[in-house]
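Coordinates from start_0.txt are shown below (compact mmCIF, C-alpha atoms).
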```txt
# COMPACT_ATOMS: atom_id res chain seq x y z
CA MET A 28 0.00 0.00 0.00
CA GLY A 29 1.39 3.40 -0.98
CA ASN A 30 1.45 6.59 1.04
CA LYS A 31 -1.95 7.61 -0.30
CA PRO A 32 -4.33 4.66 -0.52
CA TYR A 33 -7.06 4.42 -3.10
CA PHE A 34 -9.75 3.83 -0.45
CA SER A 35 -10.30 4.89 3.13
CA VAL A 36 -12.86 2.70 4.91
CA LEU A 37 -14.32 4.61 7.86
CA ILE A 38 -15.72 2.61 10.79
CA PRO A 39 -17.23 4.19 13.92
CA VAL A 40 -16.97 1.87 16.93
CA TYR A 41 -18.84 1.99 20.23
CA ASN A 42 -18.79 -0.96 22.65
CA GLN A 43 -18.25 -3.68 20.05
CA THR A 44 -16.32 -6.36 21.94
CA GLY A 45 -17.53 -9.91 22.31
CA GLY A 46 -17.30 -10.94 18.67
CA LYS A 47 -19.64 -8.24 17.34
CA MET A 48 -17.08 -7.17 14.72
CA ASP A 49 -15.98 -10.63 13.54
CA LYS A 50 -17.76 -10.53 10.16
CA CYS A 51 -16.74 -6.91 9.62
CA MET A 52 -13.08 -7.71 10.22
CA ASP A 53 -13.12 -10.89 8.13
CA SER A 54 -14.60 -8.98 5.20
CA LEU A 55 -11.80 -6.41 5.40
CA LYS A 56 -9.01 -8.99 5.71
CA ASN A 57 -10.29 -10.92 2.70
CA GLN A 58 -10.75 -8.03 0.26
CA THR A 59 -9.57 -8.85 -3.26
CA PHE A 60 -8.33 -5.25 -3.69
CA ASP A 61 -5.50 -4.32 -1.33
CA ASP A 62 -4.92 -0.58 -1.79
CA TYR A 63 -6.90 0.68 1.18
CA GLU A 64 -6.68 1.91 4.76
CA VAL A 65 -9.20 1.35 7.54
CA ILE A 66 -9.85 4.17 9.99
CA PHE A 67 -11.51 3.12 13.22
CA VAL A 68 -13.00 5.86 15.40
CA ASP A 69 -13.63 4.65 18.93
CA ASP A 70 -16.42 6.90 20.16
CA GLY A 71 -15.75 6.77 23.89
CA SER A 72 -16.25 3.01 24.35
CA ASN A 73 -16.14 1.70 27.91
CA ASP A 74 -15.96 -2.05 27.22
CA GLY A 75 -12.42 -2.58 25.96
CA SER A 76 -13.17 -1.81 22.30
CA TYR A 77 -10.18 0.53 22.06
CA GLU A 78 -7.81 -2.18 23.28
CA MET A 79 -9.35 -4.61 20.80
CA LEU A 80 -8.83 -2.14 17.94
CA SER A 81 -5.25 -1.54 19.07
CA GLY A 82 -4.68 -5.28 18.72
CA PHE A 83 -6.02 -5.18 15.16
CA ALA A 84 -3.68 -2.30 14.31
CA ARG A 85 -0.63 -4.14 15.67
CA GLU A 86 -1.42 -7.05 13.37
CA ASP A 87 -2.15 -5.17 10.14
CA THR A 88 -0.69 -1.96 8.72
CA HIS A 89 -3.98 -1.20 6.93
CA TYR A 90 -5.54 -0.07 10.23
CA ARG A 91 -5.44 3.29 12.02
CA ILE A 92 -7.31 4.22 15.19
CA TYR A 93 -8.62 7.51 16.54
CA ARG A 94 -10.35 7.88 19.86
CA HIS A 95 -12.94 10.18 21.38
CA GLU A 96 -12.34 10.42 25.12
CA LYS A 97 -16.10 10.63 25.68
CA ASN A 98 -19.05 9.48 23.60
CA SER A 99 -19.64 12.17 20.96
CA SER A 100 -22.22 10.42 18.72
CA LEU A 101 -22.16 8.47 15.48
CA LEU A 102 -22.20 11.68 13.43
CA ALA A 103 -19.13 13.07 15.22
CA ALA A 104 -17.28 9.75 14.80
CA ARG A 105 -17.91 9.82 11.06
CA PHE A 106 -16.62 13.40 10.86
CA THR A 107 -13.45 12.38 12.70
CA GLY A 108 -12.99 9.57 10.21
CA MET A 109 -13.44 11.91 7.25
CA GLU A 110 -10.99 14.43 8.71
CA HIS A 111 -8.25 11.81 9.06
CA ALA A 112 -8.86 9.88 5.85
CA SER A 113 -5.99 9.99 3.36
CA GLY A 114 -7.56 7.88 0.61
CA ASP A 115 -8.79 9.23 -2.72
CA HIS A 116 -12.18 7.55 -2.18
CA ILE A 117 -14.26 7.03 0.95
CA VAL A 118 -16.34 4.04 2.03
CA PHE A 119 -18.48 4.09 5.19
CA LEU A 120 -18.93 0.81 7.07
CA ASP A 121 -20.76 0.21 10.34
CA SER A 122 -18.88 -2.03 12.75
CA ASP A 123 -21.47 -4.82 12.88
CA ASP A 124 -22.09 -4.87 9.11
CA TYR A 125 -19.67 -6.18 6.50
CA LEU A 126 -18.58 -5.82 2.88
CA SER A 127 -18.59 -8.39 0.11
CA VAL A 128 -15.01 -9.58 -0.33
CA ASP A 129 -14.83 -8.01 -3.82
CA ALA A 130 -16.50 -4.73 -2.82
CA LEU A 131 -13.40 -2.54 -3.07
CA GLU A 132 -12.30 -4.20 -6.29
CA LYS A 133 -15.65 -3.52 -7.96
CA LEU A 134 -15.77 0.04 -6.65
CA HIS A 135 -12.24 0.62 -7.94
CA LEU A 136 -13.30 -0.52 -11.42
CA ALA A 137 -16.39 1.72 -11.30
CA PHE A 138 -14.46 4.82 -10.22
CA GLU A 139 -11.75 4.23 -12.83
CA LYS A 140 -14.37 3.75 -15.55
CA ASN A 141 -16.56 6.78 -14.88
CA ASP A 142 -14.66 9.05 -12.45
CA ALA A 143 -17.93 9.84 -10.63
CA ASP A 144 -18.07 11.70 -7.33
CA VAL A 145 -20.50 9.12 -5.92
CA ILE A 146 -20.97 5.44 -6.77
CA ARG A 147 -24.28 3.95 -5.58
CA PHE A 148 -24.49 0.17 -5.16
CA GLY A 149 -26.67 -2.68 -3.92
CA LEU A 150 -26.99 -4.22 -0.47
CA VAL A 151 -28.42 -7.31 1.18
CA ARG A 152 -30.19 -7.35 4.54
CA GLU A 153 -29.03 -10.10 6.89
CA PRO A 154 -30.13 -12.60 8.00
CA SER A 155 -33.21 -12.42 5.74
CA GLY A 156 -31.15 -12.25 2.53
CA THR A 157 -33.36 -9.48 1.11
CA VAL A 158 -31.54 -7.77 -1.77
CA ILE A 159 -32.02 -4.04 -2.34
CA LEU A 160 -30.70 -2.59 -5.58
CA PRO A 161 -30.03 1.15 -5.98
CA TYR A 162 -32.95 3.21 -7.25
CA ARG A 163 -32.31 4.60 -10.72
CA THR A 164 -32.77 8.36 -10.92
CA GLU A 165 -31.15 11.36 -12.59
CA ASP A 166 -31.41 13.36 -9.33
CA PRO A 167 -30.59 11.17 -6.29
CA LEU A 168 -30.53 14.13 -3.89
CA GLN A 169 -34.09 15.10 -4.78
CA ALA A 170 -35.06 11.43 -4.38
CA VAL A 171 -33.67 11.54 -0.83
CA PHE A 172 -35.61 14.73 -0.11
CA GLU A 173 -38.79 13.05 -1.34
CA GLY A 174 -38.18 9.88 0.69
CA ILE A 175 -37.75 7.68 -2.40
CA ILE A 176 -34.13 6.83 -1.54
CA PRO A 177 -33.27 6.07 2.12
CA PRO A 178 -30.46 8.42 3.18
CA ALA A 179 -28.07 5.80 4.63
CA ILE A 180 -24.57 6.92 3.65
CA TRP A 181 -23.04 3.42 3.64
CA LYS A 182 -24.95 2.53 0.43
CA ASN A 183 -22.58 4.72 -1.55
CA ALA A 184 -18.86 5.33 -2.05
CA TYR A 185 -17.55 8.89 -2.41
CA SER A 186 -14.61 10.76 -3.84
CA ALA A 187 -12.49 12.47 -1.20
CA ARG A 188 -13.35 15.77 -2.89
CA VAL A 189 -16.95 15.35 -1.74
CA THR A 190 -16.13 14.47 1.87
CA GLY A 191 -13.60 17.30 1.92
CA GLN A 192 -16.31 19.75 0.89
CA VAL A 193 -18.55 18.56 3.72
CA ILE A 194 -15.73 18.96 6.25
CA GLN A 195 -15.16 22.53 5.04
CA LYS A 196 -18.83 23.53 5.04
CA ALA A 197 -20.30 21.68 8.03
CA ARG A 198 -19.49 20.96 11.66
CA PRO A 199 -20.36 17.84 13.65
CA PHE A 200 -22.93 17.88 16.44
CA TYR A 201 -24.18 15.22 18.84
CA CYS A 202 -26.63 13.09 16.88
CA ASN A 203 -27.39 9.36 16.84
CA MET A 204 -30.70 9.53 14.97
CA GLY A 205 -31.22 11.51 11.80
CA GLU A 206 -27.47 11.65 11.24
CA ASP A 207 -27.76 9.71 7.98
CA THR A 208 -30.24 12.26 6.61
CA PHE A 209 -27.92 15.14 7.50
CA MET A 210 -24.81 13.46 6.12
CA GLY A 211 -26.50 11.85 3.13
CA CYS A 212 -27.99 15.13 1.94
CA THR A 213 -24.84 17.18 2.54
CA LEU A 214 -22.64 14.62 0.76
CA PHE A 215 -24.98 14.39 -2.22
CA SER A 216 -25.29 18.18 -2.43
CA CYS A 217 -21.49 18.49 -2.75
CA ALA A 218 -21.29 15.88 -5.52
CA ARG A 219 -21.10 16.86 -9.19
CA SER A 220 -21.66 13.41 -10.72
CA PHE A 221 -23.21 10.07 -9.78
CA ASP A 222 -22.99 6.53 -11.08
CA VAL A 223 -24.89 3.35 -10.23
CA ILE A 224 -23.77 -0.28 -10.20
CA ASP A 225 -26.07 -3.19 -9.39
CA ASP A 226 -23.43 -5.24 -7.59
CA ILE A 227 -24.31 -6.29 -4.02
CA LEU A 228 -21.42 -4.86 -2.03
CA TYR A 229 -22.80 -4.22 1.47
CA HIS A 230 -24.28 -6.63 4.04
CA TYR A 231 -26.55 -4.82 6.48
CA LEU A 232 -27.32 -6.57 9.77
CA ASP A 233 -30.93 -6.08 10.87
CA GLY A 234 -30.97 -5.27 14.57
CA GLY A 235 -27.45 -3.84 14.44
CA MET A 236 -26.14 -0.43 15.44
CA SER A 237 -28.05 1.38 12.69
CA SER A 238 -31.42 -0.17 13.58
CA GLN A 239 -34.10 1.56 15.56
CA SER A 240 -34.47 0.15 19.10
CA THR A 241 -37.73 -1.61 19.87
CA SER A 242 -37.53 -0.58 23.53
CA MET A 243 -39.94 2.32 23.89
CA SER A 244 -39.98 4.97 26.61
CA MET A 245 -40.91 8.62 26.81
CA GLU A 246 -37.26 9.46 27.59
CA LYS A 247 -36.05 7.67 24.45
CA PHE A 248 -38.83 9.24 22.42
CA HIS A 249 -37.81 12.76 23.46
CA LYS A 250 -34.14 11.98 22.81
CA ALA A 251 -34.92 10.64 19.33
CA LEU A 252 -37.16 13.61 18.58
CA ASN A 253 -34.53 16.09 19.76
CA ASP A 254 -31.88 14.34 17.64
CA VAL A 255 -33.91 14.50 14.42
CA ARG A 256 -34.95 18.11 15.08
CA LEU A 257 -31.30 19.05 15.55
CA SER A 258 -30.34 17.13 12.42
CA GLY A 259 -33.10 18.87 10.46
CA ASP A 260 -32.17 22.33 11.74
CA ASN A 261 -28.52 21.77 10.83
CA LEU A 262 -29.44 20.44 7.40
CA ILE A 263 -31.65 23.45 6.64
CA ALA A 264 -28.92 25.84 7.83
CA PHE A 265 -26.31 24.02 5.70
CA MET A 266 -28.41 24.32 2.56
CA ASP A 267 -29.41 27.89 3.29
CA THR A 268 -25.74 28.87 3.57
CA ASN A 269 -24.26 26.79 0.76
CA TYR A 270 -27.03 25.78 -1.65
CA PRO A 271 -30.08 28.05 -1.14
CA GLY A 272 -31.95 26.42 -4.01
CA LEU A 273 -32.00 23.16 -2.02
CA LYS A 274 -33.43 24.66 1.16
CA GLU A 275 -37.03 23.57 0.49
CA GLY A 276 -35.84 20.01 -0.06
CA ALA A 277 -34.04 20.17 3.29
CA HIS A 278 -37.31 21.25 4.94
CA LYS A 279 -39.02 18.19 3.42
CA ALA A 280 -36.31 15.90 4.74
CA ALA A 281 -36.54 17.48 8.20
CA ARG A 282 -40.31 16.97 8.36
CA ARG A 283 -39.91 13.38 7.19
CA MET A 284 -37.49 12.61 10.03
CA ILE A 285 -39.97 13.85 12.63
CA ARG A 286 -42.77 11.78 11.09
CA PHE A 287 -40.48 8.74 11.10
CA VAL A 288 -39.78 9.02 14.83
CA LEU A 289 -43.45 9.48 15.62
CA TYR A 290 -44.38 6.52 13.43
CA GLN A 291 -41.74 4.27 15.02
CA TYR A 292 -42.81 5.04 18.57
CA VAL A 293 -46.56 4.96 18.00
CA ILE A 294 -46.70 1.89 15.77
CA GLY A 295 -44.08 0.06 17.82
CA GLU A 296 -45.79 0.66 21.17
CA PRO A 297 -48.24 -2.14 22.14
CA ASP A 298 -49.72 -0.14 25.03
CA GLU A 299 -52.50 1.97 23.48
CA GLU A 300 -52.48 4.56 26.26
CA LYS A 301 -48.73 4.98 26.00
CA ALA A 302 -49.00 5.35 22.22
CA LYS A 303 -51.54 8.16 22.74
CA THR A 304 -49.06 9.84 25.08
CA PHE A 305 -46.37 9.80 22.38
CA ILE A 306 -48.81 11.45 19.94
CA GLU A 307 -49.86 14.11 22.45
```
Could you quickly redo this structure as structure tokens?
Amino acid sequence: MGNKPYFSVLIPVYNQTGGKMDKCMDSLKNQTFDDYEVIFVDDGSNDGSYEMLSGFAREDTHYRIYRHEKNSSLLAARFTGMEHASGDHIVFLDSDDYLSVDALEKLHLAFEKNDADVIRFGLVREPSGTVILPYRTEDPLQAVFEGIIPPAIWKNAYSARVTGQVIQKARPFYCNMGEDTFMGCTLFSCARSFDVIDDILYHYLDGGMSSQSTSMSMEKFHKALNDVRLSGDNLIAFMDTNYPGLKEGAHKAARRMIRFVLYQYVIGEPDEEKAKTFIE
């Protein structure tokens, strides 16, 4: 691997000991394309995750580790990863998900062929095996605003130019819900060109760190609602400052996040009286 790798794979980590990262690590070790670095960001873990990551780094020169002394949120961890990435292209990977072993090879071929700012690709949900191919559209950002494309940032690979623009124009804030909408929209808004490949490159674990908790409480409801409101406010401010023509789309995305939280907590709550309380 040279001084400047082709890919930087960014992985936020929070309390992932006990074998939770086994498939993630195996998928990285077995990649058929070798010109990459992995940047782990330990977001204030208190279970020995940092020591585990340090062991990985001692065994393999692909790996680098950065640490938040206290938990700063998934959004902040991703920003730290972007700030320290040295690769020409960026891949986001959650620590309990994993990549197909030829993911980086196929992305390398796609970037070399079309030189796009963003490559969108397919995923499979585990353990169900449900395959989700990328939605074909000429305007993926507008499709995110309209709720046609889910905003998850790990369904795409990005040029470092795009992530660099986001670092310059935005600042991280504490956010564990709605962070994908904020980051997905800001990354897409900074991109000049998109490409789509139908290869299944990402394995998403249902019930993992990106999944909504089924444990309902008023405290969790308020926290989730505050997170998505903050994400929406920051997204609207970002567009207003940098891309005023996209501000109305940002408002749509912000409203959709609030509806999502309300839907999750009302539909997911078996106690009818408690569900009414969430609505009120």
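The closest residue to Ser186 of chain A, picked from A:Val36, A:Leu262, A:Cys202, A:Ile117 and counting only C-alpha atoms, is A:Ile117.
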Distance table requested - segment 264-287 of chain A against segment 187-201 of chain A, cut-off 9 Å, all atoms listed in the file: one row per qualifying residue with the closest atom pair and its distance in Å to one decimal, ordered by chain and rising residue number, as JSON lines.
```
{"residue": "A:Phe265", "atom": "CA", "partner": "A:Ala197", "partner_atom": "CA", "distance": 6.9}
{"residue": "A:Thr268", "atom": "CA", "partner": "A:Lys196", "partner_atom": "CA", "distance": 8.9}
{"residue": "A:Asn269", "atom": "CA", "partner": "A:Lys196", "partner_atom": "CA", "distance": 7.6}
```
Report as a ChimeraX atom specification all protein, DNA and RNA residues lying within 12 Å of Lys182 of chain A, evaluated on only C-alpha atoms, omitting residues in the same chain fewer than 6 positions from it.
/A:117-121,124-126,130,134,145-152,159-162,176,207,211,223-231
If you count only C-alpha atoms, which residues fall within 9 Å of Lys279 of chain A, apart from same-chain ones fewer than 4 positions away, as a list in words?
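Everything that qualifies: Phe172, Glu173, Gly174, Lys274, Glu275, Arg283 and Met284 of chain A.
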Give me, please, the distance in Å between atom CA of Asn57 of chain A and atom CA of Glu132 of chain A, quoted to one decimal.
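Computing the Euclidean distance for atom CA of Asn57 of chain A and atom CA of Glu132 of chain A yields 11.4 Å.
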So, counting all atoms listed in the file, which residue among A:Ala137, A:Ala264, A:Ala218, A:Leu37 is closest to Pro167 of chain A?
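Ranked by minimum distance to Pro167 of chain A, first place goes to A:Ala218.
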Pairwise distance for atom CA of Pro297 of chain A and atom CA of Glu153 of chain A, rounded to one decimal in Å:
25.8 Å
Give the answer as one residue: which of A:Asp260, A:Asp233, A:Asp222, A:Asp123 has the shortest atom-to-atom distance to Glu206 of chain A, using only C-alpha atoms?
A:Asp260
Would you work out the distance separating atom CA of His249 of chain A from atom CA of Glu300 of chain A, expressed in Å to one decimal?
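These two atoms are separated by 17.0 Å.
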Which is closer to Leu257 of chain A than all the others in A:Ser113, A:Thr208, A:Thr304, A:Ser244, using only C-alpha atoms?
A:Thr208
At a cut-off of 10 Å around the point (-19.2, 7.5, 14.8) (file coordinates), what residues fall inside when counting all atoms listed in the file? I'd like the answer as number ranges by chain.
A: 37-41, 67-71, 95, 98-108, 121-122, 202-203, 206
Name all residues at most 10 Å from Met245 of chain A (count all atoms listed in the file; drop same-chain ones fewer than 2 positions away) and give them as a VMD selection string.
chain A and resid 243 247 to 251 292 301 to 302 304 to 305
